[in-house]
$ cat target.txt   # compact mmCIF, C-alpha atoms and all ligand atoms
# COMPACT_ATOMS: atom_id res chain seq x y z
CA MET A 12 118.68 145.12 59.99
CA ALA A 13 118.31 144.99 56.25
CA GLY A 14 118.49 141.22 55.77
CA PRO A 15 119.72 139.47 52.63
CA LEU A 16 119.19 141.25 49.33
CA PRO A 17 117.72 139.42 46.33
CA GLN A 18 119.55 139.49 43.01
CA PRO A 19 119.20 142.61 40.83
CA GLY A 20 115.93 142.70 38.95
CA ILE A 21 113.99 140.43 41.28
CA LEU A 22 112.21 143.24 43.14
CA ASP A 23 111.19 144.78 39.80
CA ILE A 24 109.05 141.73 39.04
CA SER A 25 105.30 142.22 39.22
CA PRO A 26 104.09 138.85 40.51
CA TYR A 27 101.94 136.98 37.99
CA VAL A 28 98.26 137.17 38.83
CA GLY A 29 96.33 134.23 37.43
CA GLY A 30 92.68 134.20 36.39
CA GLU A 31 90.13 134.29 39.19
CA SER A 32 88.55 130.98 40.15
CA LYS A 33 86.07 131.86 42.91
CA VAL A 34 82.97 134.00 43.34
CA PRO A 35 81.83 134.49 46.93
CA GLY A 36 78.43 132.88 47.46
CA ILE A 37 78.45 130.99 44.15
CA ASP A 38 79.22 127.33 44.37
CA LYS A 39 80.39 126.58 40.85
CA PRO A 40 81.15 129.72 38.86
CA ALA A 41 81.69 129.49 35.11
CA ARG A 42 85.47 129.69 34.88
CA LEU A 43 86.31 131.44 31.63
CA ALA A 44 89.40 133.29 32.88
CA SER A 45 92.34 130.91 32.43
CA ASN A 46 92.12 129.39 28.94
CA GLU A 47 91.56 125.90 30.29
CA ASN A 48 89.85 123.11 28.35
CA PRO A 49 86.28 123.26 29.73
CA LEU A 50 85.69 119.55 28.98
CA GLY A 51 88.34 118.56 31.51
CA PRO A 52 91.07 115.98 31.02
CA SER A 53 90.82 112.71 29.16
CA PRO A 54 89.33 110.14 31.59
CA ARG A 55 92.24 107.91 30.60
CA ALA A 56 94.73 110.59 31.68
CA ALA A 57 92.95 111.08 35.01
CA GLU A 58 92.96 107.32 35.56
CA ALA A 59 96.68 107.09 34.80
CA TYR A 60 97.34 109.94 37.23
CA VAL A 61 95.45 108.19 40.04
CA LYS A 62 97.07 104.85 39.29
CA ALA A 63 100.52 106.43 39.67
CA ALA A 64 99.63 107.36 43.26
CA ALA A 65 100.43 103.79 44.37
CA GLU A 66 104.09 104.53 43.60
CA LEU A 67 104.33 107.95 45.24
CA HIS A 68 107.22 106.75 47.41
CA ARG A 69 109.38 106.25 44.30
CA TYR A 70 111.33 109.00 42.61
CA PRO A 71 110.18 109.64 39.06
CA ASP A 72 112.36 108.81 36.05
CA GLY A 73 114.54 111.91 35.99
CA GLY A 74 115.05 111.51 32.26
CA ALA A 75 111.28 111.48 31.56
CA THR A 76 112.12 108.75 29.04
CA ALA A 77 108.66 107.24 28.54
CA LEU A 78 107.04 110.65 28.17
CA ARG A 79 109.71 111.92 25.76
CA ASN A 80 109.35 108.72 23.70
CA ALA A 81 105.56 109.14 23.63
CA ILE A 82 105.85 112.79 22.54
CA GLY A 83 108.50 111.86 19.97
CA ALA A 84 106.30 109.12 18.48
CA HIS A 85 103.24 111.37 18.52
CA GLN A 86 104.97 114.29 16.82
CA GLY A 87 107.56 112.50 14.70
CA LEU A 88 110.44 114.08 16.65
CA ASP A 89 113.72 112.78 18.08
CA PRO A 90 113.09 112.19 21.83
CA ALA A 91 116.73 113.01 22.56
CA ARG A 92 115.98 116.62 21.64
CA ILE A 93 112.88 116.90 23.80
CA VAL A 94 113.21 118.28 27.33
CA CYS A 95 110.23 118.09 29.69
CA GLY A 96 109.40 120.60 32.36
CA THR A 97 107.00 121.39 35.16
CA GLY A 98 104.80 123.34 32.80
CA SER A 99 106.28 125.27 29.91
CA ASP A 100 106.78 128.08 32.45
CA GLU A 101 109.65 126.12 33.95
CA LEU A 102 111.25 125.75 30.54
CA PHE A 103 110.99 129.52 29.91
CA ALA A 104 112.79 130.12 33.20
CA LEU A 105 115.48 127.51 32.51
CA LEU A 106 116.09 128.87 29.01
CA THR A 107 116.29 132.46 30.20
CA GLY A 108 118.54 131.58 33.15
CA SER A 109 120.84 129.74 30.73
CA TYR A 110 120.98 132.25 27.88
CA ALA A 111 120.43 135.73 29.37
CA GLY A 112 121.80 137.63 32.33
CA GLU A 113 122.63 141.08 33.61
CA GLY A 114 122.96 143.65 30.84
CA ASP A 115 121.17 141.45 28.29
CA GLU A 116 117.84 142.15 26.65
CA VAL A 117 114.95 139.75 26.23
CA LEU A 118 112.39 140.87 23.63
CA TYR A 119 108.70 140.12 23.52
CA SER A 120 105.76 141.79 21.83
CA ALA A 121 103.80 144.54 23.57
CA HIS A 122 100.81 142.34 24.41
CA GLY A 123 102.82 139.15 24.85
CA PHE A 124 102.43 136.59 27.62
CA LEU A 125 103.37 138.05 31.00
CA ALA A 126 105.49 135.09 32.07
CA TYR A 127 108.24 136.38 29.73
CA PRO A 128 109.17 139.59 31.60
CA ILE A 129 109.09 137.60 34.85
CA VAL A 130 111.63 135.04 33.68
CA ALA A 131 113.77 137.77 32.07
CA ARG A 132 113.95 139.79 35.29
CA SER A 133 114.53 136.64 37.37
CA ALA A 134 117.64 136.06 35.27
CA GLY A 135 118.79 139.65 35.84
CA ALA A 136 118.11 140.54 32.20
CA THR A 137 116.03 143.44 30.89
CA PRO A 138 112.69 142.64 29.28
CA VAL A 139 112.01 144.87 26.27
CA THR A 140 108.55 145.18 24.74
CA VAL A 141 108.16 145.70 21.00
CA PRO A 142 105.10 147.58 19.70
CA GLU A 143 102.44 145.55 17.90
CA LYS A 144 100.33 146.40 14.85
CA ASN A 145 96.61 145.72 15.15
CA LEU A 146 97.19 143.54 18.21
CA LYS A 147 99.61 141.34 16.33
CA THR A 148 103.39 140.97 16.61
CA ASP A 149 105.06 143.34 14.15
CA ILE A 150 107.97 141.41 12.63
CA ASP A 151 109.66 144.53 11.24
CA ALA A 152 109.50 146.27 14.61
CA LEU A 153 110.88 143.14 16.24
CA ILE A 154 113.81 142.95 13.81
CA ALA A 155 114.46 146.66 14.33
CA ALA A 156 114.47 146.20 18.12
CA VAL A 157 117.31 143.65 18.07
CA THR A 158 120.49 145.21 19.46
CA PRO A 159 123.92 143.75 20.29
CA ARG A 160 122.51 143.20 23.81
CA THR A 161 119.57 141.09 22.63
CA ARG A 162 119.96 137.48 23.76
CA MET A 163 116.45 136.08 23.42
CA ILE A 164 113.05 136.66 21.84
CA PHE A 165 109.86 135.09 23.19
CA LEU A 166 106.94 134.77 20.79
CA ALA A 167 103.74 133.01 21.70
CA ASN A 168 102.25 131.72 18.47
CA PRO A 169 99.26 131.99 18.66
CA ASN A 170 99.60 134.79 21.17
CA ASN A 171 97.84 135.02 24.51
CA PRO A 172 95.90 137.28 25.16
CA THR A 173 95.34 138.66 21.65
CA GLY A 174 94.58 135.35 19.88
CA SER A 175 96.49 136.48 16.78
CA TYR A 176 99.12 134.34 15.07
CA LEU A 177 102.21 134.72 12.92
CA SER A 178 102.38 133.02 9.54
CA ILE A 179 105.16 130.73 8.35
CA GLY A 180 106.32 133.50 6.00
CA GLU A 181 106.55 136.03 8.82
CA ILE A 182 108.63 133.77 11.04
CA ASP A 183 110.84 132.84 8.08
CA ARG A 184 111.46 136.52 7.56
CA LEU A 185 112.34 137.03 11.23
CA LEU A 186 114.73 134.08 11.26
CA LYS A 187 116.54 135.26 8.14
CA ALA A 188 117.18 138.61 9.80
CA LEU A 189 118.06 137.29 13.27
CA PRO A 190 121.69 136.76 14.31
CA GLU A 191 122.19 133.10 15.25
CA THR A 192 123.39 134.24 18.67
CA VAL A 193 119.85 135.35 19.53
CA LEU A 194 117.62 132.54 20.80
CA LEU A 195 114.07 132.56 19.46
CA VAL A 196 111.59 130.76 21.72
CA LEU A 197 108.36 129.93 19.90
CA ASP A 198 105.76 129.22 22.55
CA ALA A 199 103.20 126.94 20.91
CA ALA A 200 100.88 126.57 23.93
CA TYR A 201 97.76 126.95 21.75
CA ALA A 202 99.09 125.37 18.53
CA GLU A 203 96.63 122.46 18.59
CA TYR A 204 93.68 124.82 18.19
CA VAL A 205 94.93 126.45 14.99
CA ASP A 206 93.56 125.48 11.57
CA ARG A 207 95.39 127.76 9.16
CA GLU A 208 97.37 126.61 6.17
CA ASP A 209 100.02 129.26 6.76
CA TYR A 210 100.59 128.24 10.39
CA THR A 211 102.89 125.69 12.00
CA ALA A 212 104.18 125.28 15.55
CA GLY A 213 107.60 125.34 13.90
CA HIS A 214 109.56 122.13 14.61
CA HIS A 215 111.20 122.38 11.18
CA TRP A 216 112.84 125.66 12.23
CA VAL A 217 114.38 123.86 15.22
CA ASP A 218 115.91 121.42 12.74
CA ALA A 219 117.13 124.18 10.44
CA TYR A 220 118.48 126.77 12.92
CA PRO A 221 120.73 126.42 15.97
CA ASN A 222 118.86 129.22 17.77
CA VAL A 223 115.19 128.15 17.74
CA VAL A 224 113.31 126.30 20.47
CA VAL A 225 109.62 125.40 20.32
CA THR A 226 107.76 124.88 23.61
CA HIS A 227 104.49 123.05 24.16
CA THR A 228 102.18 122.53 27.09
CA PHE A 229 99.77 119.88 28.33
CA SER A 230 97.81 122.63 30.13
CA LYS A 231 95.60 123.72 27.24
CA ILE A 232 93.93 121.26 24.84
CA TYR A 233 95.22 118.29 26.88
CA ALA A 234 93.60 119.80 29.98
CA LEU A 235 96.33 118.90 32.48
CA GLY A 236 97.07 122.39 33.85
CA SER A 237 97.09 121.18 37.41
CA ALA A 238 99.63 118.45 36.66
CA ARG A 239 102.14 121.05 35.37
CA LEU A 240 103.60 119.49 32.27
CA GLY A 241 105.35 121.08 29.32
CA TRP A 242 108.08 120.23 26.84
CA ALA A 243 110.59 121.88 24.57
CA TYR A 244 111.91 120.70 21.21
CA CYS A 245 115.48 121.95 20.97
CA PRO A 246 118.64 121.93 18.89
CA PRO A 247 120.98 119.30 20.46
CA ALA A 248 123.24 121.91 22.12
CA ILE A 249 120.29 123.62 23.80
CA ALA A 250 118.77 120.31 24.96
CA ASP A 251 122.17 119.54 26.48
CA VAL A 252 122.18 122.88 28.35
CA LEU A 253 118.63 122.37 29.67
CA ASN A 254 119.49 118.87 30.85
CA ARG A 255 122.40 120.31 32.83
CA VAL A 256 120.45 123.05 34.58
CA ARG A 257 117.09 121.42 35.25
CA GLN A 258 116.47 119.78 38.60
CA PRO A 259 117.17 116.04 38.44
CA PHE A 260 113.51 115.07 39.03
CA ASN A 261 111.77 118.16 37.68
CA VAL A 262 108.68 116.36 36.36
CA ASN A 263 106.60 114.19 38.66
CA ALA A 264 105.53 110.65 37.80
CA PRO A 265 101.71 111.03 37.95
CA ALA A 266 101.95 114.00 35.59
CA MET A 267 104.10 112.03 33.15
CA GLU A 268 101.70 109.07 33.22
CA ALA A 269 98.75 111.41 32.66
CA GLY A 270 100.58 113.08 29.77
CA ILE A 271 101.31 109.76 28.05
CA ALA A 272 97.67 108.67 28.42
CA ALA A 273 96.42 112.05 27.19
CA LEU A 274 98.48 111.77 24.00
CA ALA A 275 97.03 108.32 23.37
CA ASP A 276 93.42 109.48 23.78
CA THR A 277 92.99 110.87 20.29
CA GLU A 278 89.21 110.80 20.68
CA HIS A 279 89.21 113.18 23.64
CA PHE A 280 91.57 115.44 21.73
CA ALA A 281 89.24 115.46 18.70
CA VAL A 282 86.17 116.18 20.85
CA SER A 283 88.01 119.06 22.56
CA LYS A 284 89.07 120.52 19.25
CA ALA A 285 85.59 120.14 17.72
CA HIS A 286 84.07 121.84 20.77
CA ASN A 287 86.33 124.85 20.34
CA ASP A 288 85.70 124.95 16.58
CA ARG A 289 81.97 125.04 17.19
CA TRP A 290 81.72 127.47 20.10
CA ARG A 291 84.41 130.05 19.36
CA PRO A 292 82.59 131.27 16.21
CA TRP A 293 79.27 131.09 18.08
CA LEU A 294 80.54 133.37 20.85
CA GLU A 295 82.25 135.66 18.38
CA GLU A 296 79.02 136.08 16.47
CA ARG A 297 76.88 136.69 19.56
CA LEU A 298 79.24 139.32 20.96
CA THR A 299 79.61 141.03 17.59
CA LYS A 300 75.81 141.20 17.27
CA LEU A 301 75.68 142.83 20.68
CA GLY A 302 77.92 145.55 19.27
CA PHE A 303 81.32 144.66 20.68
CA THR A 304 84.63 144.37 18.83
CA VAL A 305 85.87 140.80 18.89
CA HIS A 306 89.49 140.46 17.85
CA PRO A 307 90.09 137.54 15.47
CA SER A 308 91.38 134.53 17.41
CA VAL A 309 92.77 131.17 16.34
CA ALA A 310 93.00 129.85 19.92
CA ASN A 311 90.57 128.79 22.68
CA PHE A 312 89.74 132.32 23.83
CA LEU A 313 88.54 135.65 22.51
CA LEU A 314 89.83 139.12 23.26
CA VAL A 315 86.88 141.49 23.26
CA SER A 316 86.78 145.27 23.42
CA PHE A 317 83.78 146.43 25.42
CA LEU A 318 83.91 150.11 24.47
CA PRO A 319 82.00 152.38 25.01
CA TYR A 320 81.44 150.56 28.31
CA THR A 321 84.09 150.23 30.97
CA ALA A 322 85.50 146.72 30.67
CA GLU A 323 85.85 146.44 34.44
CA ASP A 324 82.13 147.25 34.90
CA VAL A 325 81.26 144.45 32.48
CA ARG A 326 83.63 142.04 34.20
CA LEU A 327 82.28 142.75 37.68
CA PHE A 328 78.68 142.53 36.49
CA VAL A 329 79.12 139.13 34.85
CA LYS A 330 81.11 138.00 37.89
CA SER A 331 78.12 138.88 40.08
CA LYS A 332 76.14 136.51 37.84
CA GLY A 333 78.68 133.74 38.42
CA VAL A 334 80.85 134.06 35.30
CA LEU A 335 84.57 134.73 35.57
CA ILE A 336 86.40 136.38 32.67
CA ARG A 337 89.85 137.92 32.61
CA GLN A 338 90.72 141.58 33.03
CA MET A 339 93.46 142.85 30.74
CA HIS A 340 94.99 145.84 32.57
CA SER A 341 98.27 144.08 33.14
CA TYR A 342 98.48 143.36 29.40
CA GLY A 343 98.02 147.04 28.54
CA LEU A 344 94.53 146.41 27.15
CA PRO A 345 92.26 148.06 29.75
CA ASP A 346 89.26 148.32 27.38
CA CYS A 347 89.30 144.59 26.72
CA LEU A 348 88.43 141.38 28.50
CA ARG A 349 89.60 137.90 27.58
CA ILE A 350 87.05 135.12 27.50
CA THR A 351 87.91 131.42 27.36
CA ILE A 352 85.69 129.16 25.24
CA GLY A 353 83.82 127.31 27.98
CA THR A 354 81.07 124.72 27.84
CA GLU A 355 77.86 125.48 25.96
CA ASP A 356 76.07 126.22 29.25
CA GLU A 357 78.84 128.49 30.48
CA LEU A 358 78.92 130.49 27.26
CA LYS A 359 75.13 130.88 27.23
CA GLN A 360 75.30 132.00 30.85
CA LEU A 361 77.94 134.56 29.88
CA VAL A 362 75.95 135.95 26.94
CA ALA A 363 72.81 136.20 29.12
CA ALA A 364 74.85 138.09 31.75
CA ILE A 365 76.22 140.52 29.15
CA GLU A 366 72.71 141.07 27.76
CA ALA A 367 71.51 141.82 31.29
CA PHE A 368 74.39 144.29 31.69
CA LEU A 369 73.41 146.04 28.47
CA PHE A 370 69.73 146.10 29.41
CA GLN A 371 70.55 147.65 32.76
CA ASN A 372 72.86 150.26 31.26
CA GLU A 373 70.67 151.14 28.30
CA SER A 374 67.56 151.54 30.45
CA ARG A 375 69.59 153.78 32.75
CA ASP A 376 70.62 155.92 29.74
CA PHE A 377 66.99 156.45 28.77
CA LYS A 378 65.99 157.70 32.21
C1 LIG A 401 101.17 131.69 25.77
C2 LIG A 401 101.25 130.76 26.94
N1 LIG A 401 102.35 130.04 27.15
C3 LIG A 401 102.46 129.21 28.19
C4 LIG A 401 101.43 129.08 29.10
C5 LIG A 401 101.62 128.26 30.34
O1 LIG A 401 101.84 126.97 30.11
P1 LIG A 401 102.17 125.98 31.29
O2 LIG A 401 100.91 125.70 32.02
O3 LIG A 401 102.70 124.79 30.54
O4 LIG A 401 103.23 126.58 32.17
C6 LIG A 401 100.27 129.79 28.93
C7 LIG A 401 99.18 129.67 29.92
O5 LIG A 401 98.28 130.43 30.00
C8 LIG A 401 100.17 130.67 27.83
O6 LIG A 401 99.07 131.40 27.63
$ encode --input "target.txt" --output "structure tokens"
Amino acid sequence: MAGPLPQPGILDISPYVGGESKVPGIDKPARLASNENPLGPSPRAAEAYVKAAAELHRYPDGGATALRNAIGAHQGLDPARIVCGTGSDELFALLTGSYAGEGDEVLYSAHGFLAYPIVARSAGATPVTVPEKNLKTDIDALIAAVTPRTRMIFLANPNNPTGSYLSIGEIDRLLKALPETVLLVLDAAYAEYVDREDYTAGHHWVDAYPNVVVTHTFSKIYALGSARLGWAYCPPAIADVLNRVRQPFNVNAPAMEAGIAALADTEHFAVSKAHNDRWRPWLEERLTKLGFTVHPSVANFLLVSFLPYTAEDVRLFVKSKGVLIRQMHSYGLPDCLRITIGTEDELKQLVAAIEAFLFQNESRDFK
């Protein structure tokens, strides 16, 4: 008996494999594999989450009104055009399910976030990768890859796992060339970490074009990954579509309360940002001095090429010392590893582990 068949495309999906979180025999490994905020959530957000537990028997506000109002006030945006989701992942899936289907193409850059091909295939559409230049989205290649079958483009800006970003001028150029029937999703998961004058998450493009959506997450600088909370700023017609297809109570109440409290805790935000600003250059410098190629990053992680060593050997060695970093095979970058900016102790532990790796390998070479 064959049993029921899933929809076309579903069995072509490679399930997403998240960063490792455990090391056998080590109680508290340094977790530098999932781009989380190492300082943890705002205590005020955690308190709000716990407080909401007293009302677990109540359905949440299906319209996420208080959260949308808080985001709107925080960002200077119309709450009516904000749609919240169970992580931005849910919003990617809802957008793709609404705007792409069988026979359609969904573009993303060669080393783009791996959630995009998953949502494309789930919708029955074909994910198409576009080559990058120097580990950065190539706008000309992207424009050239648009065909009459292209329905959507996903761009993480900054991009995970490369850490590179696209400037305002580059996205302007893309939008001028893009047919308005093609939906551009700008995934701004790491936007809060970026300090570049030629960068913006891009809300003004949502106001100017009918085919641009910007997504955000509470999983990164706001440190609420476990609560699963994301939001999209949309043109009115797209917000209307998302509000039709999303589940009536797609975001849970404790997560919404935590999100509202996290937005209000500007001090925790500033401390988190300052931590990243201090330790990303520190790690970059240490790894460069050890002889590795560190790709320029504007986010809370670094992509590092460990040539001439085998990246997997480095990863397993530092894992044996209790430090978890992310392998990059599935992103087509087998010589690289991605390292999240952790706490000071975690980063020092990592550098010591890499030095021990080098010492072991170099002394072996001399034998
Ligand atoms: C580029 C990018 N977008 C989105 C996400 C996921 O966000 P969320 O936790 O809101 O689903 C991640 C998480 O790693 C990411 O790297």
$ residues_near_ligand --input "target.txt" --ligand "ligand LIG 401 (chain A)" --cutoff "6 Å" --atoms "all atoms listed in the file" --output "PyMOL selection string"
chain A and resi 98-100+124+167+170-171+198+200+228+230+236+239-241
$ atom_distance --input "target.txt" --atom1 "atom CA of Lys39 of chain A" --atom2 "atom CA of Leu369 of chain A"
24.1 Å
$ closest_atom_pairs --input "target.txt" --of "segment 14-111 of chain A" --to "segment 310-329 of chain A" --cutoff "9 Å" --atoms "only C-alpha atoms" --output "CSV"
residue,atom,partner,partner_atom,distance
A:Leu43,CA,A:Phe312,CA,8.6
A:Asn46,CA,A:Phe312,CA,6.4
A:Glu47,CA,A:Asn311,CA,8.2
A:Asn48,CA,A:Asn311,CA,8.1
$ residues_around --input "target.txt" --residues "Cys95 of chain A" --least-positions-apart "6" --cutoff "7 Å" --atoms "all atoms listed in the file" --output "PyMOL selection string"
chain A and resi 75+241-243
$ atom_distance --input "target.txt" --atom1 "atom CA of Ala59 of chain A" --atom2 "atom CA of Glu101 of chain A"
23.0 Å
$ atom_distance --input "target.txt" --atom1 "atom CA of Leu194 of chain A" --atom2 "atom CA of Ala91 of chain A"
19.6 Å
$ closest_residue --input "target.txt" --among "A:Pro142, A:Gly96, A:Pro159, A:Gly51" --to "Phe260 of chain A" --atoms "all atoms listed in the file"
A:Gly96
$ closest_residue --input "target.txt" --among "A:Ile182, A:Pro15, A:Pro138, A:Gln338" --to "Asp151 of chain A" --atoms "only C-alpha atoms"
A:Ile182
$ decode --input "target.txt" --residues "segment 188-198 of chain A" --atoms "all heavy atoms" --output "mmCIF file, in the first residue's frame"
data_model
loop_
_atom_site.group_PDB
_atom_site.id
_atom_site.type_symbol
_atom_site.label_atom_id
_atom_site.label_comp_id
_atom_site.auth_asym_id
_atom_site.auth_seq_id
_atom_site.Cartn_x
_atom_site.Cartn_y
_atom_site.Cartn_z
ATOM 1 N N ALA A 188 14.437 47.762 -11.776
ATOM 2 C CA ALA A 188 14.442 46.791 -12.877
ATOM 3 C C ALA A 188 13.374 45.699 -12.705
ATOM 4 O O ALA A 188 13.097 44.956 -13.645
ATOM 5 C CB ALA A 188 15.822 46.132 -12.948
ATOM 6 N N LEU A 189 12.804 45.609 -11.524
ATOM 7 C CA LEU A 189 11.926 44.462 -11.219
ATOM 8 C C LEU A 189 10.481 44.730 -11.637
ATOM 9 O O LEU A 189 9.933 45.778 -11.282
ATOM 10 C CB LEU A 189 11.980 44.237 -9.697
ATOM 11 C CG LEU A 189 11.649 42.858 -9.169
ATOM 12 C CD1 LEU A 189 12.607 41.811 -9.718
ATOM 13 C CD2 LEU A 189 11.699 42.878 -7.632
ATOM 14 N N PRO A 190 9.859 43.791 -12.372
ATOM 15 C CA PRO A 190 8.434 43.978 -12.668
ATOM 16 C C PRO A 190 7.643 44.025 -11.358
ATOM 17 O O PRO A 190 7.987 43.313 -10.404
ATOM 18 C CB PRO A 190 8.053 42.719 -13.469
ATOM 19 C CG PRO A 190 9.337 42.059 -13.838
ATOM 20 C CD PRO A 190 10.387 42.521 -12.890
ATOM 21 N N GLU A 191 6.598 44.834 -11.312
ATOM 22 C CA GLU A 191 5.852 44.975 -10.059
ATOM 23 C C GLU A 191 5.052 43.727 -9.710
ATOM 24 O O GLU A 191 4.460 43.622 -8.636
ATOM 25 C CB GLU A 191 4.961 46.220 -10.106
ATOM 26 C CG GLU A 191 5.800 47.488 -9.971
ATOM 27 C CD GLU A 191 4.988 48.745 -9.743
ATOM 28 O OE1 GLU A 191 3.747 48.708 -9.892
ATOM 29 O OE2 GLU A 191 5.615 49.778 -9.422
ATOM 30 N N THR A 192 5.025 42.767 -10.627
ATOM 31 C CA THR A 192 4.348 41.500 -10.337
ATOM 32 C C THR A 192 5.248 40.551 -9.540
ATOM 33 O O THR A 192 4.789 39.513 -9.071
ATOM 34 C CB THR A 192 3.951 40.799 -11.651
ATOM 35 O OG1 THR A 192 5.108 40.813 -12.497
ATOM 36 C CG2 THR A 192 2.791 41.499 -12.329
ATOM 37 N N VAL A 193 6.520 40.914 -9.408
ATOM 38 C CA VAL A 193 7.444 40.051 -8.650
ATOM 39 C C VAL A 193 7.586 40.613 -7.237
ATOM 40 O O VAL A 193 7.943 41.777 -7.053
ATOM 41 C CB VAL A 193 8.840 39.993 -9.331
ATOM 42 C CG1 VAL A 193 9.802 39.158 -8.501
ATOM 43 C CG2 VAL A 193 8.717 39.435 -10.748
ATOM 44 N N LEU A 194 7.285 39.781 -6.251
ATOM 45 C CA LEU A 194 7.341 40.226 -4.850
ATOM 46 C C LEU A 194 8.763 40.115 -4.314
ATOM 47 O O LEU A 194 9.373 39.041 -4.368
ATOM 48 C CB LEU A 194 6.393 39.344 -4.012
ATOM 49 C CG LEU A 194 6.448 39.522 -2.494
ATOM 50 C CD1 LEU A 194 6.116 40.954 -2.089
ATOM 51 C CD2 LEU A 194 5.470 38.554 -1.823
ATOM 52 N N LEU A 195 9.281 41.224 -3.822
ATOM 53 C CA LEU A 195 10.610 41.220 -3.195
ATOM 54 C C LEU A 195 10.427 41.194 -1.682
ATOM 55 O O LEU A 195 9.825 42.099 -1.102
ATOM 56 C CB LEU A 195 11.400 42.474 -3.595
ATOM 57 C CG LEU A 195 12.752 42.645 -2.884
ATOM 58 C CD1 LEU A 195 13.735 41.534 -3.260
ATOM 59 C CD2 LEU A 195 13.363 44.011 -3.184
ATOM 60 N N VAL A 196 10.942 40.120 -1.052
ATOM 61 C CA VAL A 196 10.899 40.027 0.410
ATOM 62 C C VAL A 196 12.279 40.378 0.939
ATOM 63 O O VAL A 196 13.256 39.675 0.662
ATOM 64 C CB VAL A 196 10.494 38.606 0.878
ATOM 65 C CG1 VAL A 196 10.444 38.550 2.407
ATOM 66 C CG2 VAL A 196 9.158 38.202 0.272
ATOM 67 N N LEU A 197 12.366 41.484 1.666
ATOM 68 C CA LEU A 197 13.630 41.880 2.298
ATOM 69 C C LEU A 197 13.585 41.394 3.743
ATOM 70 O O LEU A 197 12.761 41.859 4.545
ATOM 71 C CB LEU A 197 13.789 43.406 2.243
ATOM 72 C CG LEU A 197 13.973 43.996 0.850
ATOM 73 C CD1 LEU A 197 13.931 45.526 0.900
ATOM 74 C CD2 LEU A 197 15.306 43.536 0.238
ATOM 75 N N ASP A 198 14.435 40.429 4.030
ATOM 76 C CA ASP A 198 14.452 39.801 5.355
ATOM 77 C C ASP A 198 15.486 40.549 6.203
ATOM 78 O O ASP A 198 16.688 40.401 6.014
ATOM 79 C CB ASP A 198 14.811 38.320 5.161
ATOM 80 C CG ASP A 198 15.097 37.580 6.452
ATOM 81 O OD1 ASP A 198 15.036 38.192 7.537
ATOM 82 O OD2 ASP A 198 15.395 36.376 6.366
#
